[in-house]
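Student: One structure follows; several queries about it will come next.
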Amino acid sequence: MNDAAPNAAPQTFYLKDYKPFGYEVESVKLTFQLSPNATKVHSAIRFTPKADAEDNRFFLHGEQLSLISAKIDGTPVTARLVDGGLECDVPRTSFLWEAEVEIDPAANTALEGLYMSNGMYCTQCEAEGFRKITYYPDRPDVMSTFTVRIEGDEPVMLSNGNPTGAGEGWAEWHDPWPKPAYLFALVAGDLVNHPGSFTTKSGKEVELNIWVRPGDEGKCAFGMEALKKSMKWDEDVYGLEYDLDLFNIVAVDDFNMGAMENKGLNIFNSSCVLASPETSTDANFERIEAIIAHEYFHNWTGNRITCRDWFQLCLKEGLTVFRDAQFTADMRSEPVKRIEDVIALRARQFPEDGGPLAHPPRPEEFQEINNFYTATVYEKGAEVIGMLKRLVGDDNYYKALNLYFERHDGQACTIEDWLKVFEDATGRDLSQFKLWYSQAGTPRVKVSEEYADGTYTLTFEQSTPPPPGQPEKAPRVIPIAVGLLSPNGDEVRATEVLELTEAKQSFTFDGLASKPVPSILREFSAPVILERETTNSERAFLLAHDTDPFNRWEAGNALAKEVRVAMVLDGAAPDAAYLDALEKLVRDDEQDPAFRALVLSPPSQSDIAQTLHERGHTPDPQKIYDAAETFTQTLAQQLETSLPRLYAATTVEGPYVPDADGAGKRALNSRILSLLTRLDGGEQAARQYASADNMTQQYAALAALMKAEKGEAQSKAFFEQWQDDRLVMDKWFALQIACAAPETTAATAKELTQHPLFSMKNPNRFRAVMGALAGNHAGFHHASGAGYQLLAENLIALDSVNPQTTARMCAAFQTWKRYDSKRQAQIQTELERILATSDLSRDTHEMVSRMLS
Ligand code: ARG
Ligand code: ZN
């Protein structure tokens, strides 16, 4: 199929080249005759030429298909097979296209199109996988109703929409809502369902099911509750109701991403839906609830209103991430969710935006669209919506959203359509705001202050370092939420949103009795890097007094970073005042345990590396590691006398409930246990391991022990207990690498790739090992270069099996220019080695070339 020269640069697609398809698709009827190696797919598609088409070339996408026959209006025709699909001469009036193709799901290890996972048939079509199922105009602006007949001897055979009939060896489905092909889904296999039901606000009864492999029935109850909560929340907050009689979720073990919002038939990576107290941690529960909500919310933001083309991906993803974050904030704790999201944004999106893979939330070119399911499109896309909401206010936000659903239901839309509803609903000109969608890079905002005669002035200066291909940066609209505190800790000005629109701009506050302490960028009101000269005592003051919980945490986080940076650069001892502040906070039972746990969690070592790099230093991963160890050890010693009491006081008794309250307490308890384990030789952790009746506590104990190199027996026991549970085994694989010392990290990971339960074919398992390697900062970047080498070798091996997962994991190298020239040379060698691999996938080729350019 691919007759391009080996590793020649693949074709690039551009936003500016968009042209509508020249035909309407009136209806699609598909018949599948399932067979692992030879599934036949018959398609009957009614096309009508558009009268006003600028281009009436009849081109259907198709990849890895064997064409058996093609007919137009019942008469056999000869189609011309061309690169990436076929062409055919067709009538200028409405006609019925029929094709029969054969595909090989069992050989499909790329997990895109129709494939098999543990003997079960399933599909993943977003973004461009439908073309591996049959010939079709596989683009999101082509929408049609689908009727599907599945023939086979699988006990359960599902597709989108509502069931319309079933018998011995067949099942039929009809989806009345026109949809693009990327939302098509089919699942068939030996599955059992966990049933549920939901009555919509207009009184419609919806049947709900979570389908799993026999044996997993006991892990569905939490997901089902999350689904019902999501359905109710979307009605209450956005007025959006579900629109079919049935909603199915299926859990699949082999899946490239988290989950997929196929109409009426969501398909989930089993790690994102299966949950039980014995096998899932609090973090797993929270994530599962959020992903179920995310996919459900796509039914409106994605499915009813979809994207015109893949450049507009953030139209549905940014909005849906924003909505699922609102949901989690409502179900759990708003400040905790915000802090978690900012930690993740800084860990994943900021490095992307500051490195060779930088792209705007709406990219303007790509080679492989699967490479653009990124933190920038998703998380920064959501941040952009958060800023928009802050600028127009809540009422206007919901007014604009109502208009969006009213005006664009059933359409495939663009970012321009999206911004237009805000302009029409509010009368506001958003042309400058739109730069957020077209400019890459994280803006730096420099702040200076002045105080005289009761007037306080804040001056902001914005600039964005130029990312690849985007030299000039016009100033953006940046909402900066600010509050002012008096020196005694009272809030003298409540939060106000300042709109920074110029490159440099000042704002004044009058009538102040004394120079205030500013709390800037409350709630992290914009995804920027704030630069301000301040002191550690002012940070400590904000950590103690700020009324904005996000900024209280932020002050503590900034302090933690300063202390680490000083330790790394000057070999300083951990700052005593900071240790005292932490001690005070940990022991303050008035404070929310979740908040205390967050303040006690150190900034990541990668984050310290990034901070050093931003300040013009070359980070030394080993020194950063040593500073982290010294700091934690010193903190443990400082707290020594109170740790046993704190441990006891934060231990959650009684049956495990995965709610926010319990999770917060357990998070704090786990932090304390890890400190205690540094002093007591692992006694308490061993006791906790032995008595734990839930994974959160079992895992926390194991992690504390392994980090202290005291967990050999428990690690063995854990393996014995859980070897038949794939998801728990992923934790076991990852934890050994995460806890390894820098000099043994690569060797530990390498050994685990030899383990009988390691597999290249299961993305979760591959990620557990290679993701943990890349995530162990000092280990991955160890001076030997062994980490780089091991990852590159495994990516090369995976590429021919699963290009999508390979390409995603290549991003582990994206920060390479932060480091010293020796490490850079080592990484460059590995990247060049990957690029030189024969028959390298388009996916990996694009990622590696961008990183090398
Ligand atoms: N739309 C899915 C989600 O956000 C992601 C699917 C992406 N899959 C892919 N192969 N690129 O939930
Ligand atoms: Zn999504």
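Every chain in the structure tokens has a letter given in the order shown (A, B, ...), and although residue numbers restart at 1 in each chain, ligands are simply numbered from 1 in the order shown.
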If you count only C-alpha atoms and all ligand atoms, which residues end up within 10 Å of ligand 2, as a PyMOL selection string?

Tutor: chain A and resi 258-261+291+293-298+301-302+313-314+316-321+324+373+378

Student: Take the residues from that selection and write them out as a PDB file, in the first residue's frame, keeping C-alpha atoms.

Tutor:
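Contents of result.pdb, as written:
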```pdb
ATOM      1  CA  GLY A 258      -7.975   6.286  27.325  1.00  0.00           C
ATOM      2  CA  ALA A 259     -11.395   5.912  25.753  1.00  0.00           C
ATOM      3  CA  MET A 260     -13.540   6.764  22.755  1.00  0.00           C
ATOM      4  CA  GLU A 261     -16.910   8.501  22.485  1.00  0.00           C
ATOM      5  CA  ILE A 291     -13.071   9.824  31.792  1.00  0.00           C
ATOM      6  CA  ALA A 293     -17.867  11.885  32.194  1.00  0.00           C
ATOM      7  CA  HIS A 294     -15.582  13.095  29.416  1.00  0.00           C
ATOM      8  CA  GLU A 295     -16.753  10.482  26.917  1.00  0.00           C
ATOM      9  CA  TYR A 296     -20.382  10.947  27.902  1.00  0.00           C
ATOM     10  CA  PHE A 297     -20.125  14.742  27.524  1.00  0.00           C
ATOM     11  CA  HIS A 298     -18.783  14.224  24.008  1.00  0.00           C
ATOM     12  CA  THR A 301     -19.639  18.403  22.382  1.00  0.00           C
ATOM     13  CA  GLY A 302     -18.164  16.201  19.690  1.00  0.00           C
ATOM     14  CA  LEU A 313      -9.814  18.967  17.154  1.00  0.00           C
ATOM     15  CA  CYS A 314      -9.653  21.279  20.188  1.00  0.00           C
ATOM     16  CA  LYS A 316     -14.458  19.200  20.821  1.00  0.00           C
ATOM     17  CA  GLU A 317     -11.536  18.155  23.015  1.00  0.00           C
ATOM     18  CA  GLY A 318     -10.739  21.454  24.722  1.00  0.00           C
ATOM     19  CA  LEU A 319     -14.417  21.995  25.451  1.00  0.00           C
ATOM     20  CA  THR A 320     -15.002  18.464  26.679  1.00  0.00           C
ATOM     21  CA  VAL A 321     -11.937  18.541  28.942  1.00  0.00           C
ATOM     22  CA  ASP A 324     -15.202  17.195  32.643  1.00  0.00           C
ATOM     23  CA  TYR A 373      -3.966  14.309  20.455  1.00  0.00           C
ATOM     24  CA  TYR A 378      -6.678  18.916  25.158  1.00  0.00           C
TER      25      TYR A 378
END
```

Student: Leaving out Val41 (chain A) and any residue of its chain fewer than 3 positions from it, which residues lie within 9 Å of it when counting only C-alpha atoms, given as JSON, numbers by chain?

Tutor: {"A": [30, 31, 32, 33, 34, 99, 100, 101, 102, 103, 133, 134]}

Student: Pick from A:Glu450, A:Glu461, A:Glu24, A:Glu683: nearest to Asp510 (chain A), with only C-alpha atoms counted?

Tutor: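 Smallest separation from Asp510 (chain A) among the options: A:Glu450.
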
Student: Go ahead and compute the interatomic distance for CA of Ile288 (chain A) and CA of Ala375 (chain A), in Å to one decimal.

Tutor: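 CA of Ala375 (chain A) lies 18.4 Å from CA of Ile288 (chain A).
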
Student: Please provide as a PyMOL selection string all residues within 8 Å of Ala738 (chain A), with the sequence filter that same-chain residues fewer than 3 positions apart are discarded (counting only C-alpha atoms).

Tutor: chain A and resi 734-735+745+772-773+775-776

Student: Residues at most 9 Å from Glu225 (chain A), counting only C-alpha atoms, excluding those fewer than 4 positions away in the same chain, as a PyMOL selection string?

Tutor: chain A and resi 196+220-221+229-230+289

Student: Restricting it to N, CA and C atoms, dump the selection as an mmCIF file, in the first residue's frame.

Tutor:
```cif
data_model
loop_
_atom_site.group_PDB
_atom_site.id
_atom_site.type_symbol
_atom_site.label_atom_id
_atom_site.label_comp_id
_atom_site.auth_asym_id
_atom_site.auth_seq_id
_atom_site.Cartn_x
_atom_site.Cartn_y
_atom_site.Cartn_z
ATOM 1 N N GLY A 196 -27.849 -0.907 34.034
ATOM 2 C CA GLY A 196 -28.316 0.226 34.824
ATOM 3 C C GLY A 196 -29.369 0.963 34.017
ATOM 4 N N CYS A 220 -17.637 -2.963 37.826
ATOM 5 C CA CYS A 220 -18.394 -2.027 36.988
ATOM 6 C C CYS A 220 -19.260 -1.045 37.761
ATOM 7 N N ALA A 221 -19.523 -1.337 39.026
ATOM 8 C CA ALA A 221 -20.524 -0.553 39.758
ATOM 9 C C ALA A 221 -20.143 0.924 39.850
ATOM 10 N N LYS A 229 -24.220 9.936 37.174
ATOM 11 C CA LYS A 229 -23.937 11.291 37.676
ATOM 12 C C LYS A 229 -23.629 12.239 36.522
ATOM 13 N N SER A 230 -22.915 11.728 35.530
ATOM 14 C CA SER A 230 -22.552 12.568 34.384
ATOM 15 C C SER A 230 -23.794 12.977 33.600
ATOM 16 N N GLU A 289 -13.865 8.215 36.978
ATOM 17 C CA GLU A 289 -15.063 9.062 37.020
ATOM 18 C C GLU A 289 -14.954 10.187 35.983
#
```

Student: Could you give me the residues within region 569-605 of chain A that DSSP places in helix (DSSP H, G or I), as a list of chain:residue names?

Tutor: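 Selecting the helix (DSSP H, G or I) positions of region 569-605 of chain A gives A:Leu569, A:Asp570, A:Ala576, A:Ala577, A:Tyr578, A:Leu579, A:Asp580, A:Ala581, A:Leu582, A:Glu583, A:Lys584, A:Leu585, A:Val586, A:Arg587, A:Pro593, A:Ala594, A:Phe595, A:Arg596, A:Ala597, A:Leu598, A:Val599, A:Leu600, A:Gln605.
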
Student: Using only C-alpha atoms, which residues sit within 8 Å of Pro49 (chain A) once same-chain residues fewer than 4 positions away are excluded, as a list of chain:residue names?

Tutor: A:Gly22, A:Tyr23, A:Glu24, A:Ala53, A:Asn56, A:Arg92, A:Thr93, A:Ser94

Student: Between A:Val250, A:Ala347, A:Leu635, A:Ala452, which has the minimum distance to Asp216 (chain A) (counting only C-alpha atoms)?

Tutor: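 Of all the options, A:Val250 lies closest to Asp216 (chain A).
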
Student: In terms of the shortest atom-to-atom distance over only C-alpha atoms, which of A:Thr459, A:Gln312, A:Ser35, A:Asn488 is closest to Asp153 (chain A)?

Tutor: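 That would be A:Ser35, the residue with the smallest distance to Asp153 (chain A).
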
Student: Which distance in Å separates CA of Ile827 (chain A) and CA of Tyr788 (chain A), to one decimal?

Tutor: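 About the pair CA of Ile827 (chain A) and CA of Tyr788 (chain A): they are 6.4 Å apart.
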
Student: Please provide the set of residues having any atom within 10 Å of Ala663 (chain A), restricted to only C-alpha atoms, with same-chain residues fewer than 3 positions apart removed, written as a list of chain:residue names.

Tutor: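 Contacts, in chain order: A:Thr281, A:Asp282, A:Ala283, A:Phe285, A:Glu286, A:Arg332, A:Pro593, A:Ala594, A:Val652, A:Tyr656, A:Val657, A:Pro658, A:Asp659, A:Ala660, A:Arg666, A:Ala667, A:Leu668, A:Asn669, A:Thr696.
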
Student: Report, in Å with one decimal, the straight-line distance from CA of Gly62 (chain A) to CA of Glu846 (chain A).

Tutor: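 Answer for the CA of Gly62 (chain A) to CA of Glu846 (chain A) separation: 21.2 Å.
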
Student: Which residues are near Phe322 (chain A)? Cut-off 9 Å, only C-alpha atoms, ignore same chain within fewer than 5 positions. Put them as number ranges by chain.

Tutor: A: 317, 327, 378-379, 381-383, 385-386

Student: Let me see the file: selected residues, N, CA and C atoms, as a compact mmCIF listing (two decimals), in the first residue's frame.

Tutor:
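Full text of again-v8.txt as output:
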```txt
# COMPACT_ATOMS: atom_id res chain seq x y z
N GLU A 317 -12.32 18.68 21.89
CA GLU A 317 -11.54 18.16 23.01
C GLU A 317 -11.30 19.20 24.11
N PHE A 327 -17.13 19.19 36.03
CA PHE A 327 -17.85 18.07 36.67
C PHE A 327 -17.08 17.55 37.89
N TYR A 378 -5.73 19.26 24.10
CA TYR A 378 -6.68 18.92 25.16
C TYR A 378 -6.63 19.92 26.31
N GLU A 379 -5.49 19.94 26.99
CA GLU A 379 -5.44 20.71 28.25
C GLU A 379 -5.31 22.21 28.02
N GLY A 381 -6.27 23.59 25.30
CA GLY A 381 -7.57 23.88 24.70
C GLY A 381 -8.62 24.17 25.78
N ALA A 382 -8.56 23.42 26.88
CA ALA A 382 -9.50 23.64 27.99
C ALA A 382 -9.17 24.93 28.73
N GLU A 383 -7.89 25.22 28.90
CA GLU A 383 -7.50 26.47 29.57
C GLU A 383 -8.01 27.68 28.80
N ILE A 385 -10.66 27.90 27.06
CA ILE A 385 -12.09 28.06 27.34
C ILE A 385 -12.31 28.63 28.74
N GLY A 386 -11.48 28.20 29.67
CA GLY A 386 -11.56 28.76 31.03
C GLY A 386 -11.32 30.27 31.02
```

Student: Could you pull out the strand (DSSP E) residues of region 236-337 of chain A, going by DSSP on the backbone, and write them as number ranges by chain?

Tutor: A: 246-252, 259-260, 265-269, 306-307
